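Participant: Right, I'll just put the structure down here and ask away after.
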Amino acid sequence: MTTAITVARGDGIGPEIMDASLRIMEAAGADIKPEFVTLGEEAYKAGIMTGVTDEAWESINRTKLLFKAPLTTPQGGGYKSVNVTLRKSLSLFANIRPVRTMTPYVDSKHDKFDMVVVRENEEDLYAGIEYRQTRDTCHSVKLLSRTGSEMIVRYAFEYARAYGRKKVTVLVKDNIMKISDGLFHKVFKLIAAEYPEIEAESLIVDIGMARIADTPERFDVVVTLNLYGDIVSDIVSQIAGSVGLAGSSNIGQKASMFEAVHGSAPDIAGKSIANPSGLLNAGILMLRHIGQGDVAEKIENAWLKTIEDGVHTADIAKKGTNAVSTSEFADAVIANLGGKPSTLPEAVNAGAKSVKLPSPQETTKSVRTKQLVGVDVFLDWDGQNIKELGKAVEASAVSGLVLKSISSRGMHVYPSDRDVTAVSDQWRCRFMSQGEMKNSDIRHILENIEMKGFDWIKTENLYTFDGEVCFSQSQGE
Ligand code: NAI
């Protein structure tokens, strides 16, 4: 049965690479019915701040499949990234980016590697929760849930199992972000134990990325948080030869989206020199996903043969050779349909390899007790005398709570014998309870602080979970 797919031709180089990719898929006999919709720049220009038109939503919600070219997100101006909106609205929790080298046909700093980056797709700093509350400071919320972490980690192990991969490496920065990255790491270790046949490895993200850039061949499946995943997948596709080569799938319970890993490349748009391979590879992933693995195999082999033949777009063309245009590259792939690569590993019909999708209901939520033990009250204060600030705030405490510390930019400043200079205007005042406390205690502290003429800008409740302290200490506290 013909599968309807929603197609967005995208911005910048989008229409050029989408037309090339669809032409190849059609010539290979893909049984798909594209429904073209408007997303991105054109929608923004029509005043739609999300960049997604109503007819696009209607089509996506019906087909549950989106094949999209890159979209431009205007900087600033209150526009939200369409990509992030789509991933989050459709609950596309997993972003899978397979990358491998094609040496000697495509120059790479490395002879051979074959890696899959599994990136968490809905949370982390991409939750898009940002504030500016004082003249001097702003902050972004790095939001992680146990459910989201379990879903992506489990997906990575299920993917490794389905595709016969041997190792899963997690990249985290839990030596610094002990609570958020710490949760992700804890979940990773718990879930890894359920897959004893797969090697589990943990690396701090900075050295992890350095090693990936240096010796990518020692990695297999890499699972990580949204932002690290975004960065590492660009590194991996670049060191394989070009960001123009890799495709990705965004998988959710109810819908899926397929796209190239790169952006809309405005610097080369309209010149017909862009490499359509990234989007074509996303199309191959989509065909496998919808059960047309035989067509996917045919296209992938023709594409590999074209690369072997030395028919290359400018981004991967060897020195001294003539690069072909986007459409000439597509013509060459079409002419090679039915052919196979001679030395690069041949594509095989991987359609049957379905990855078991984890469900949010199956995740473990094991915490039994939650206790309120204090509150951080943040002030906007542009004074200089920190000791005076400390004394005034101390006097705002209510019975059973004491001011334990004041910090600025995460650094402990009060009480302190050091000579501290005020650098910024946001101050975190930590009140800790000496016994039981209630939410209403916080209200009373805020009233007292306000009466003393201070501008409180936000509060964070401090909790323990099953007795474990779940808030960070200030540096030097
Ligand atoms: P980019 O990926 O568009 O370009 C980076 C560099 O790679 C440029 O030099 C470009 O010419 C080159 N390049 C990218 N794709 C290529 C291809 N297929 N063939 C040959 N060369 C290629 O990243 P940039 O410039 O940071 O972002 C441009 C726009 O794309 C921004 O508005 C950004 O928000 C958007 N973007 C959209 C994404 C999506 O739709 N999923 C992902 C990343 C960025």
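Residues in the structure tokens are named by chain (A, B, ... in the order shown) and by number from 1 within that chain; ligands are numbered from 1 in the order shown.
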Hey, which residues sit close to ligand 1? Say within 8 Å, counting only C-alpha atoms and all ligand atoms, and write them as a PyMOL selection string.

Facilitator: chain A and resi 10+12-13+17+68-75+81-83+242-245+259-268+273-279+313-315

Participant: Might you pull out every residue within 12 Å of Glu58 of chain A, with only C-alpha atoms counted and same-chain residues fewer than 5 positions away left off, and present them as a list in words?

Facilitator: Thr6, Glu35, Phe36, Val37, Thr38, Val52, Thr53, Thr63, Lys64, Leu65 and Leu66 of chain A

Participant: Would you output that residue set with all heavy atoms, as a PDB file, in the first residue's frame?

Facilitator:
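For reference, result.pdb as written:
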ATOM      1  N   THR A   6       4.419  13.354   4.781  1.00  0.00           N
ATOM      2  CA  THR A   6       4.426  14.817   4.740  1.00  0.00           C
ATOM      3  C   THR A   6       5.841  15.253   4.385  1.00  0.00           C
ATOM      4  O   THR A   6       6.810  14.752   4.967  1.00  0.00           O
ATOM      5  CB  THR A   6       4.016  15.383   6.115  1.00  0.00           C
ATOM      6  OG1 THR A   6       2.765  14.789   6.475  1.00  0.00           O
ATOM      7  CG2 THR A   6       3.883  16.893   6.076  1.00  0.00           C
ATOM      8  N   GLU A  35       3.084  14.625   0.497  1.00  0.00           N
ATOM      9  CA  GLU A  35       2.144  15.748   0.669  1.00  0.00           C
ATOM     10  C   GLU A  35       2.993  16.959   1.052  1.00  0.00           C
ATOM     11  O   GLU A  35       3.561  16.990   2.147  1.00  0.00           O
ATOM     12  CB  GLU A  35       1.165  15.457   1.808  1.00  0.00           C
ATOM     13  CG  GLU A  35       0.217  14.320   1.520  1.00  0.00           C
ATOM     14  CD  GLU A  35      -0.823  14.146   2.648  1.00  0.00           C
ATOM     15  OE1 GLU A  35      -0.923  15.016   3.535  1.00  0.00           O
ATOM     16  OE2 GLU A  35      -1.521  13.140   2.624  1.00  0.00           O
ATOM     17  N   PHE A  36       3.113  17.915   0.148  1.00  0.00           N
ATOM     18  CA  PHE A  36       4.020  19.036   0.399  1.00  0.00           C
ATOM     19  C   PHE A  36       3.378  20.076   1.315  1.00  0.00           C
ATOM     20  O   PHE A  36       2.227  20.466   1.119  1.00  0.00           O
ATOM     21  CB  PHE A  36       4.430  19.679  -0.932  1.00  0.00           C
ATOM     22  CG  PHE A  36       5.299  18.759  -1.753  1.00  0.00           C
ATOM     23  CD1 PHE A  36       4.740  17.949  -2.744  1.00  0.00           C
ATOM     24  CD2 PHE A  36       6.652  18.659  -1.496  1.00  0.00           C
ATOM     25  CE1 PHE A  36       5.526  17.077  -3.480  1.00  0.00           C
ATOM     26  CE2 PHE A  36       7.458  17.780  -2.231  1.00  0.00           C
ATOM     27  CZ  PHE A  36       6.889  16.990  -3.226  1.00  0.00           C
ATOM     28  N   VAL A  37       4.123  20.492   2.334  1.00  0.00           N
ATOM     29  CA  VAL A  37       3.600  21.489   3.278  1.00  0.00           C
ATOM     30  C   VAL A  37       4.645  22.592   3.486  1.00  0.00           C
ATOM     31  O   VAL A  37       5.817  22.426   3.154  1.00  0.00           O
ATOM     32  CB  VAL A  37       3.259  20.864   4.652  1.00  0.00           C
ATOM     33  CG1 VAL A  37       2.178  19.810   4.528  1.00  0.00           C
ATOM     34  CG2 VAL A  37       4.504  20.284   5.322  1.00  0.00           C
ATOM     35  N   THR A  38       4.175  23.700   4.056  1.00  0.00           N
ATOM     36  CA  THR A  38       5.077  24.827   4.303  1.00  0.00           C
ATOM     37  C   THR A  38       5.499  24.853   5.771  1.00  0.00           C
ATOM     38  O   THR A  38       4.669  24.882   6.669  1.00  0.00           O
ATOM     39  CB  THR A  38       4.351  26.147   3.970  1.00  0.00           C
ATOM     40  OG1 THR A  38       3.937  26.065   2.617  1.00  0.00           O
ATOM     41  CG2 THR A  38       5.249  27.351   4.172  1.00  0.00           C
ATOM     42  N   VAL A  52       5.270  26.686  11.847  1.00  0.00           N
ATOM     43  CA  VAL A  52       4.530  25.497  11.374  1.00  0.00           C
ATOM     44  C   VAL A  52       3.101  25.925  11.018  1.00  0.00           C
ATOM     45  O   VAL A  52       2.355  26.380  11.893  1.00  0.00           O
ATOM     46  CB  VAL A  52       4.468  24.385  12.455  1.00  0.00           C
ATOM     47  CG1 VAL A  52       3.855  23.105  11.891  1.00  0.00           C
ATOM     48  CG2 VAL A  52       5.847  24.092  13.027  1.00  0.00           C
ATOM     49  N   THR A  53       2.719  25.784   9.758  1.00  0.00           N
ATOM     50  CA  THR A  53       1.365  26.203   9.337  1.00  0.00           C
ATOM     51  C   THR A  53       0.315  25.174   9.799  1.00  0.00           C
ATOM     52  O   THR A  53       0.657  24.026  10.077  1.00  0.00           O
ATOM     53  CB  THR A  53       1.281  26.309   7.795  1.00  0.00           C
ATOM     54  OG1 THR A  53       1.662  25.032   7.253  1.00  0.00           O
ATOM     55  CG2 THR A  53       2.207  27.382   7.237  1.00  0.00           C
ATOM     56  N   THR A  63      -0.394  11.717   8.631  1.00  0.00           N
ATOM     57  CA  THR A  63       0.543  10.738   8.049  1.00  0.00           C
ATOM     58  C   THR A  63       1.479  10.151   9.103  1.00  0.00           C
ATOM     59  O   THR A  63       1.988   9.049   8.950  1.00  0.00           O
ATOM     60  CB  THR A  63       1.429  11.385   6.962  1.00  0.00           C
ATOM     61  OG1 THR A  63       2.265  12.380   7.564  1.00  0.00           O
ATOM     62  CG2 THR A  63       0.599  12.021   5.866  1.00  0.00           C
ATOM     63  N   LYS A  64       1.746  10.941  10.165  1.00  0.00           N
ATOM     64  CA  LYS A  64       2.652  10.533  11.240  1.00  0.00           C
ATOM     65  C   LYS A  64       4.085  10.334  10.743  1.00  0.00           C
ATOM     66  O   LYS A  64       4.919   9.709  11.396  1.00  0.00           O
ATOM     67  CB  LYS A  64       2.195   9.244  11.947  1.00  0.00           C
ATOM     68  CG  LYS A  64       0.711   9.174  12.219  1.00  0.00           C
ATOM     69  CD  LYS A  64       0.444   9.110  13.695  1.00  0.00           C
ATOM     70  CE  LYS A  64      -1.010   9.028  14.060  1.00  0.00           C
ATOM     71  NZ  LYS A  64      -1.741  10.277  13.877  1.00  0.00           N
ATOM     72  N   LEU A  65       4.366  10.859   9.554  1.00  0.00           N
ATOM     73  CA  LEU A  65       5.702  10.736   8.970  1.00  0.00           C
ATOM     74  C   LEU A  65       6.077  12.063   8.348  1.00  0.00           C
ATOM     75  O   LEU A  65       5.327  12.585   7.516  1.00  0.00           O
ATOM     76  CB  LEU A  65       5.697   9.685   7.858  1.00  0.00           C
ATOM     77  CG  LEU A  65       5.642   8.218   8.254  1.00  0.00           C
ATOM     78  CD1 LEU A  65       5.343   7.367   7.028  1.00  0.00           C
ATOM     79  CD2 LEU A  65       6.951   7.782   8.887  1.00  0.00           C
ATOM     80  N   LEU A  66       7.215  12.593   8.741  1.00  0.00           N
ATOM     81  CA  LEU A  66       7.649  13.855   8.149  1.00  0.00           C
ATOM     82  C   LEU A  66       9.049  13.690   7.580  1.00  0.00           C
ATOM     83  O   LEU A  66       9.979  13.275   8.280  1.00  0.00           O
ATOM     84  CB  LEU A  66       7.634  14.972   9.210  1.00  0.00           C
ATOM     85  CG  LEU A  66       8.183  16.327   8.783  1.00  0.00           C
ATOM     86  CD1 LEU A  66       7.404  16.903   7.608  1.00  0.00           C
ATOM     87  CD2 LEU A  66       8.146  17.312   9.952  1.00  0.00           C
TER      88      LEU A  66
END

Participant: Give me the residues within 12 Å of Glu297 of chain A as number ranges by chain, counting only C-alpha atoms and dropping any in the same chain fewer than 4 places off.

Facilitator: A: 25, 28-30, 281, 283-288, 291-293, 301-304, 337-341, 345-351

Participant: Limited to N, CA, C and O atoms, could you put the picked residues into a file as a tab-separated table (two decimals), in the first residue's frame?

Facilitator:
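And here's part01.tsv as it stands now:
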chain	number	residue	atom	x	y	z
A	25	MET	N	14.38	8.65	-5.06
A	25	MET	CA	13.47	7.69	-4.41
A	25	MET	C	12.39	7.23	-5.37
A	25	MET	O	12.02	6.05	-5.41
A	28	ALA	N	13.75	4.81	-7.88
A	28	ALA	CA	14.04	3.50	-7.29
A	28	ALA	C	12.77	2.71	-7.02
A	28	ALA	O	12.83	1.55	-6.60
A	29	GLY	N	11.62	3.35	-7.20
A	29	GLY	CA	10.35	2.64	-7.00
A	29	GLY	C	9.79	2.75	-5.60
A	29	GLY	O	8.99	1.89	-5.18
A	30	ALA	N	10.18	3.77	-4.86
A	30	ALA	CA	9.61	3.94	-3.51
A	30	ALA	C	8.11	4.15	-3.63
A	30	ALA	O	7.66	4.98	-4.44
A	281	ASN	N	20.19	9.99	2.69
A	281	ASN	CA	20.38	8.97	3.74
A	281	ASN	C	19.23	8.99	4.75
A	281	ASN	O	18.83	7.95	5.27
A	283	GLY	N	16.21	9.76	3.90
A	283	GLY	CA	15.14	9.10	3.12
A	283	GLY	C	15.29	7.58	3.19
A	283	GLY	O	14.31	6.85	3.30
A	284	ILE	N	16.55	7.11	3.14
A	284	ILE	CA	16.80	5.66	3.22
A	284	ILE	C	16.35	5.13	4.59
A	284	ILE	O	15.68	4.09	4.69
A	285	LEU	N	16.67	5.90	5.65
A	285	LEU	CA	16.21	5.50	7.00
A	285	LEU	C	14.69	5.45	7.05
A	285	LEU	O	14.09	4.56	7.65
A	286	MET	N	14.04	6.43	6.38
A	286	MET	CA	12.57	6.47	6.40
A	286	MET	C	11.98	5.26	5.66
A	286	MET	O	11.03	4.63	6.14
A	287	LEU	N	12.56	4.93	4.51
A	287	LEU	CA	12.03	3.79	3.75
A	287	LEU	C	12.14	2.50	4.56
A	287	LEU	O	11.23	1.67	4.57
A	288	ARG	N	13.25	2.36	5.29
A	288	ARG	CA	13.39	1.15	6.15
A	288	ARG	C	12.31	1.18	7.23
A	288	ARG	O	11.69	0.16	7.52
A	291	GLY	N	8.95	-0.01	6.13
A	291	GLY	CA	8.88	-1.37	5.59
A	291	GLY	C	9.25	-1.48	4.13
A	291	GLY	O	8.93	-2.49	3.49
A	292	GLN	N	9.93	-0.47	3.57
A	292	GLN	CA	10.37	-0.58	2.18
A	292	GLN	C	11.90	-0.72	2.14
A	292	GLN	O	12.61	0.01	1.44
A	293	GLY	N	12.37	-1.70	2.93
A	293	GLY	CA	13.80	-1.93	3.07
A	293	GLY	C	14.46	-2.33	1.76
A	293	GLY	O	15.64	-2.03	1.53
A	301	ASN	N	22.88	1.21	-2.16
A	301	ASN	CA	23.95	0.62	-2.97
A	301	ASN	C	24.29	1.51	-4.16
A	301	ASN	O	25.47	1.68	-4.50
A	302	ALA	N	23.26	2.10	-4.79
A	302	ALA	CA	23.51	3.00	-5.93
A	302	ALA	C	24.29	4.23	-5.46
A	302	ALA	O	25.20	4.72	-6.14
A	303	TRP	N	23.92	4.71	-4.27
A	303	TRP	CA	24.61	5.89	-3.73
A	303	TRP	C	26.08	5.56	-3.42
A	303	TRP	O	26.99	6.31	-3.79
A	304	LEU	N	26.32	4.39	-2.80
A	304	LEU	CA	27.70	3.98	-2.49
A	304	LEU	C	28.52	3.84	-3.76
A	304	LEU	O	29.68	4.26	-3.83
A	337	LEU	N	21.21	2.84	-10.13
A	337	LEU	CA	20.21	2.00	-9.43
A	337	LEU	C	20.29	0.58	-9.97
A	337	LEU	O	20.29	0.38	-11.19
A	338	GLY	N	20.38	-0.38	-9.09
A	338	GLY	CA	20.56	-1.78	-9.50
A	338	GLY	C	22.02	-2.19	-9.39
A	338	GLY	O	22.34	-3.37	-9.35
A	339	GLY	N	22.93	-1.20	-9.30
A	339	GLY	CA	24.35	-1.49	-9.16
A	339	GLY	C	24.75	-1.62	-7.69
A	339	GLY	O	23.95	-1.35	-6.80
A	340	LYS	N	26.01	-2.03	-7.48
A	340	LYS	CA	26.49	-2.23	-6.10
A	340	LYS	C	27.89	-1.66	-5.97
A	340	LYS	O	28.63	-1.61	-6.95
A	341	PRO	N	28.29	-1.30	-4.76
A	341	PRO	CA	29.66	-0.84	-4.58
A	341	PRO	C	30.62	-2.02	-4.71
A	341	PRO	O	30.22	-3.16	-4.48
A	345	PRO	N	31.40	-1.53	2.09
A	345	PRO	CA	30.45	-2.57	2.50
A	345	PRO	C	29.08	-2.32	1.87
A	345	PRO	O	28.56	-1.21	1.90
A	346	GLU	N	28.56	-3.38	1.27
A	346	GLU	CA	27.28	-3.30	0.57
A	346	GLU	C	26.14	-3.12	1.57
A	346	GLU	O	26.20	-3.67	2.68
A	347	ALA	N	25.11	-2.37	1.18
A	347	ALA	CA	23.93	-2.23	2.04
A	347	ALA	C	23.12	-3.51	1.99
A	347	ALA	O	23.03	-4.14	0.94
A	348	VAL	N	22.57	-3.90	3.11
A	348	VAL	CA	21.69	-5.07	3.11
A	348	VAL	C	20.32	-4.62	3.61
A	348	VAL	O	20.20	-3.62	4.31
A	349	ASN	N	19.31	-5.36	3.23
A	349	ASN	CA	17.96	-4.98	3.64
A	349	ASN	C	17.81	-5.09	5.14
A	349	ASN	O	17.67	-6.18	5.69
A	350	ALA	N	17.88	-3.93	5.78
A	350	ALA	CA	17.82	-3.92	7.25
A	350	ALA	C	16.43	-3.59	7.75
A	350	ALA	O	16.23	-3.24	8.90
A	351	GLY	N	15.45	-3.74	6.84
A	351	GLY	CA	14.09	-3.34	7.19
A	351	GLY	C	13.50	-4.09	8.36
A	351	GLY	O	12.70	-3.55	9.12

Participant: Just to confirm, what's the straight-line distance from atom CA of Thr3 of chain A to atom CA of Tyr163 of chain A in Å (one decimal)?

Facilitator: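 Computing the Euclidean distance for atom CA of Thr3 of chain A and atom CA of Tyr163 of chain A yields 24.8 Å.
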
Participant: Closest to Thr459 of chain A among A:Val402, A:Val377, A:Ala395, A:Val205, using only C-alpha atoms?

Facilitator: A:Val377

Participant: Find the spatial neighbours of His185 of chain A, counting only C-alpha atoms, within a cut-off of 8 Å - ignore same-chain residues fewer than 5 positions away - and output them as a compact mmCIF listing (two decimals) with N, CA and C atoms, in the first residue's frame.

Facilitator:
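Ended up saving to out02.txt:
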# COMPACT_ATOMS: atom_id res chain seq x y z
N VAL A 170 28.19 6.26 27.15
CA VAL A 170 27.43 7.44 27.56
C VAL A 170 28.40 8.60 27.76
N VAL A 172 28.62 12.24 29.64
CA VAL A 172 27.97 13.11 30.64
C VAL A 172 29.00 14.04 31.27
N ASP A 174 28.95 14.74 34.77
CA ASP A 174 28.42 14.67 36.14
C ASP A 174 29.44 14.98 37.21
N SER A 202 31.36 4.62 30.26
CA SER A 202 30.99 5.99 30.64
C SER A 202 32.19 6.90 30.45

Participant: Calculate how many Å separate atom CA of Ala269 of chain A from atom CA of Asp19 of chain A, rounding to one decimal.

Facilitator: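 For atom CA of Ala269 of chain A relative to atom CA of Asp19 of chain A, the distance reads 13.7 Å.
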
Participant: So that I can check the surroundings of Arg87 of chain A, please list as JSON, numbers by chain every protein, DNA and RNA residue that reaches within 8 Å of it, counting only C-alpha atoms and ignoring chain neighbours fewer than 4 positions away.

Facilitator: {"A": [83, 91, 92, 93, 121, 122, 250]}

Participant: Write the residues of the selection above to a file with all heavy atoms, as a PDB file, in the first residue's frame.

Facilitator:
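What landed in out.pdb:
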ATOM      1  N   ASN A  83      12.465  23.175  14.244  1.00  0.00           N
ATOM      2  CA  ASN A  83      12.962  21.819  14.472  1.00  0.00           C
ATOM      3  C   ASN A  83      12.656  21.361  15.887  1.00  0.00           C
ATOM      4  O   ASN A  83      12.157  20.268  16.107  1.00  0.00           O
ATOM      5  CB  ASN A  83      14.464  21.780  14.217  1.00  0.00           C
ATOM      6  CG  ASN A  83      14.783  22.204  12.811  1.00  0.00           C
ATOM      7  OD1 ASN A  83      14.222  21.665  11.865  1.00  0.00           O
ATOM      8  ND2 ASN A  83      15.640  23.197  12.673  1.00  0.00           N
ATOM      9  N   SER A  91       6.661  14.549  20.322  1.00  0.00           N
ATOM     10  CA  SER A  91       7.323  13.651  21.288  1.00  0.00           C
ATOM     11  C   SER A  91       8.325  12.728  20.612  1.00  0.00           C
ATOM     12  O   SER A  91       8.336  11.501  20.844  1.00  0.00           O
ATOM     13  CB  SER A  91       6.295  12.809  22.052  1.00  0.00           C
ATOM     14  OG  SER A  91       5.421  13.634  22.736  1.00  0.00           O
ATOM     15  N   LEU A  92       9.158  13.289  19.761  1.00  0.00           N
ATOM     16  CA  LEU A  92      10.175  12.497  19.069  1.00  0.00           C
ATOM     17  C   LEU A  92      11.391  12.419  19.992  1.00  0.00           C
ATOM     18  O   LEU A  92      12.307  13.213  19.903  1.00  0.00           O
ATOM     19  CB  LEU A  92      10.531  13.159  17.732  1.00  0.00           C
ATOM     20  CG  LEU A  92       9.334  13.442  16.812  1.00  0.00           C
ATOM     21  CD1 LEU A  92       9.768  14.214  15.576  1.00  0.00           C
ATOM     22  CD2 LEU A  92       8.644  12.146  16.404  1.00  0.00           C
ATOM     23  N   PHE A  93      11.364  11.468  20.919  1.00  0.00           N
ATOM     24  CA  PHE A  93      12.336  11.484  22.014  1.00  0.00           C
ATOM     25  C   PHE A  93      13.736  11.055  21.603  1.00  0.00           C
ATOM     26  O   PHE A  93      14.711  11.387  22.272  1.00  0.00           O
ATOM     27  CB  PHE A  93      11.839  10.620  23.183  1.00  0.00           C
ATOM     28  CG  PHE A  93      11.851   9.140  22.891  1.00  0.00           C
ATOM     29  CD1 PHE A  93      12.919   8.357  23.274  1.00  0.00           C
ATOM     30  CD2 PHE A  93      10.800   8.535  22.232  1.00  0.00           C
ATOM     31  CE1 PHE A  93      12.957   6.988  23.007  1.00  0.00           C
ATOM     32  CE2 PHE A  93      10.817   7.178  21.949  1.00  0.00           C
ATOM     33  CZ  PHE A  93      11.889   6.406  22.334  1.00  0.00           C
ATOM     34  N   ASN A 121      16.210  13.997  22.687  1.00  0.00           N
ATOM     35  CA  ASN A 121      15.717  14.976  21.714  1.00  0.00           C
ATOM     36  C   ASN A 121      14.708  15.992  22.252  1.00  0.00           C
ATOM     37  O   ASN A 121      14.258  16.853  21.505  1.00  0.00           O
ATOM     38  CB  ASN A 121      15.039  14.174  20.590  1.00  0.00           C
ATOM     39  CG  ASN A 121      15.322  14.723  19.217  1.00  0.00           C
ATOM     40  OD1 ASN A 121      16.231  15.525  19.053  1.00  0.00           O
ATOM     41  ND2 ASN A 121      14.536  14.304  18.248  1.00  0.00           N
ATOM     42  N   GLU A 122      14.311  15.876  23.528  1.00  0.00           N
ATOM     43  CA  GLU A 122      13.224  16.752  23.976  1.00  0.00           C
ATOM     44  C   GLU A 122      13.589  17.608  25.174  1.00  0.00           C
ATOM     45  O   GLU A 122      12.875  18.549  25.494  1.00  0.00           O
ATOM     46  CB  GLU A 122      12.008  15.910  24.402  1.00  0.00           C
ATOM     47  CG  GLU A 122      11.375  15.115  23.299  1.00  0.00           C
ATOM     48  CD  GLU A 122      10.178  14.344  23.830  1.00  0.00           C
ATOM     49  OE1 GLU A 122      10.378  13.240  24.382  1.00  0.00           O
ATOM     50  OE2 GLU A 122       9.060  14.854  23.723  1.00  0.00           O
ATOM     51  N   ASN A 250      14.244  10.851  13.726  1.00  0.00           N
ATOM     52  CA  ASN A 250      13.717  11.325  15.010  1.00  0.00           C
ATOM     53  C   ASN A 250      12.506  10.448  15.299  1.00  0.00           C
ATOM     54  O   ASN A 250      11.507  10.504  14.586  1.00  0.00           O
ATOM     55  CB  ASN A 250      13.257  12.785  14.896  1.00  0.00           C
ATOM     56  CG  ASN A 250      14.404  13.727  14.591  1.00  0.00           C
ATOM     57  OD1 ASN A 250      14.956  14.365  15.474  1.00  0.00           O
ATOM     58  ND2 ASN A 250      14.784  13.801  13.324  1.00  0.00           N
TER      59      ASN A 250
END

Participant: What does the distance between atom CA of Glu460 of chain A and atom CA of Asp376 of chain A come to in Å, to one decimal place?

Facilitator: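 Atom-to-atom, atom CA of Glu460 of chain A and atom CA of Asp376 of chain A are spaced 5.1 Å apart.
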
Participant: Run DSSP on the backbone and give me the residues of segment 369-400 of chain A it puts in strand (DSSP E or B), as an MDAnalysis selection string.

Facilitator: chainID A and resid 370:380

Participant: List the neighbours of Val222 of chain A out to 9 Å using only C-alpha atoms; skip same-chain residues closer than 3 positions along the sequence, and give me the result as a VMD selection string.

Facilitator: chain A and resid 115 to 119 156 167 to 171 219 229

Participant: Please identify which residues in segment 111-256 of chain A DSSP calls helix (DSSP H, G or I) from the backbone, and express them as a PyMOL selection string.

Facilitator: chain A and resi 125-127+146-162+180-192+205-214+216-218+226-240

Participant: Can you write just those residues out, C-alpha atoms, as an mmCIF file, in the first residue's frame?

Facilitator:
data_model
loop_
_atom_site.group_PDB
_atom_site.id
_atom_site.type_symbol
_atom_site.label_atom_id
_atom_site.label_comp_id
_atom_site.auth_asym_id
_atom_site.auth_seq_id
_atom_site.Cartn_x
_atom_site.Cartn_y
_atom_site.Cartn_z
ATOM 1 C CA LEU A 125 18.874 23.056 27.529
ATOM 2 C CA TYR A 126 16.625 22.538 24.483
ATOM 3 C CA ALA A 127 13.609 22.641 26.794
ATOM 4 C CA ARG A 146 14.159 10.447 34.922
ATOM 5 C CA THR A 147 11.498 9.230 32.487
ATOM 6 C CA GLY A 148 13.125 10.994 29.513
ATOM 7 C CA SER A 149 16.579 9.757 30.520
ATOM 8 C CA GLU A 150 15.389 6.169 30.880
ATOM 9 C CA MET A 151 13.586 6.267 27.538
ATOM 10 C CA ILE A 152 16.637 7.395 25.564
ATOM 11 C CA VAL A 153 19.132 5.168 27.350
ATOM 12 C CA ARG A 154 16.881 2.146 26.937
ATOM 13 C CA TYR A 155 16.369 3.019 23.268
ATOM 14 C CA ALA A 156 20.175 3.134 22.774
ATOM 15 C CA PHE A 157 20.567 -0.357 24.243
ATOM 16 C CA GLU A 158 17.585 -1.699 22.286
ATOM 17 C CA TYR A 159 19.091 -0.189 19.115
ATOM 18 C CA ALA A 160 22.450 -1.833 19.873
ATOM 19 C CA ARG A 161 20.710 -5.166 20.442
ATOM 20 C CA ALA A 162 18.627 -4.946 17.229
ATOM 21 C CA SER A 180 21.170 16.585 36.216
ATOM 22 C CA ASP A 181 23.967 14.740 34.405
ATOM 23 C CA GLY A 182 24.299 12.628 37.554
ATOM 24 C CA LEU A 183 20.719 11.385 37.067
ATOM 25 C CA PHE A 184 21.387 10.501 33.416
ATOM 26 C CA HIS A 185 24.519 8.581 34.393
ATOM 27 C CA LYS A 186 22.779 6.747 37.229
ATOM 28 C CA VAL A 187 19.982 5.685 34.878
ATOM 29 C CA PHE A 188 22.561 4.566 32.292
ATOM 30 C CA LYS A 189 24.289 2.277 34.795
ATOM 31 C CA LEU A 190 20.973 0.795 35.951
ATOM 32 C CA ILE A 191 19.759 0.053 32.435
ATOM 33 C CA ALA A 192 23.140 -1.184 31.164
ATOM 34 C CA VAL A 205 31.833 14.560 27.754
ATOM 35 C CA ASP A 206 34.902 16.743 27.187
ATOM 36 C CA ILE A 207 37.422 13.922 27.037
ATOM 37 C CA GLY A 208 34.773 11.763 25.360
ATOM 38 C CA MET A 209 34.416 14.186 22.465
ATOM 39 C CA ALA A 210 38.203 14.600 22.246
ATOM 40 C CA ARG A 211 38.575 10.817 21.957
ATOM 41 C CA ILE A 212 35.802 10.619 19.369
ATOM 42 C CA ALA A 213 37.622 13.215 17.256
ATOM 43 C CA ASP A 214 40.921 11.354 17.756
ATOM 44 C CA PRO A 216 36.447 7.305 16.458
ATOM 45 C CA GLU A 217 37.003 3.648 15.566
ATOM 46 C CA ARG A 218 36.862 2.683 19.265
ATOM 47 C CA ASN A 226 20.457 16.811 23.769
ATOM 48 C CA LEU A 227 23.127 19.537 23.572
ATOM 49 C CA TYR A 228 26.160 17.227 23.764
ATOM 50 C CA GLY A 229 24.448 15.012 21.180
ATOM 51 C CA ASP A 230 23.969 17.919 18.818
ATOM 52 C CA ILE A 231 27.642 18.845 19.053
ATOM 53 C CA VAL A 232 29.062 15.344 18.900
ATOM 54 C CA SER A 233 26.980 14.314 15.886
ATOM 55 C CA ASP A 234 28.272 17.291 13.881
ATOM 56 C CA ILE A 235 31.843 16.420 14.906
ATOM 57 C CA VAL A 236 31.340 12.821 13.849
ATOM 58 C CA SER A 237 29.844 13.681 10.449
ATOM 59 C CA GLN A 238 32.529 16.301 9.802
ATOM 60 C CA ILE A 239 35.417 13.933 10.589
ATOM 61 C CA ALA A 240 33.805 11.304 8.357
#

Participant: Please report as JSON lines every residue of segment 26-141 of chain A lying within 12 Å of segment 416-435 of chain A, along with the nearest atom pair and their distance in Å (one decimal), using only C-alpha atoms.

Facilitator:
{"residue": "A:Arg132", "atom": "CA", "partner": "A:Gln426", "partner_atom": "CA", "distance": 10.5}
{"residue": "A:Gln133", "atom": "CA", "partner": "A:Gln426", "partner_atom": "CA", "distance": 8.4}
{"residue": "A:Thr134", "atom": "CA", "partner": "A:Gln426", "partner_atom": "CA", "distance": 6.6}
{"residue": "A:Arg135", "atom": "CA", "partner": "A:Asp425", "partner_atom": "CA", "distance": 7.4}
{"residue": "A:Asp136", "atom": "CA", "partner": "A:Asp425", "partner_atom": "CA", "distance": 6.1}
{"residue": "A:Thr137", "atom": "CA", "partner": "A:Gln426", "partner_atom": "CA", "distance": 6.8}
{"residue": "A:Cys138", "atom": "CA", "partner": "A:Gln426", "partner_atom": "CA", "distance": 9.4}
{"residue": "A:His139", "atom": "CA", "partner": "A:Gln426", "partner_atom": "CA", "distance": 10.8}
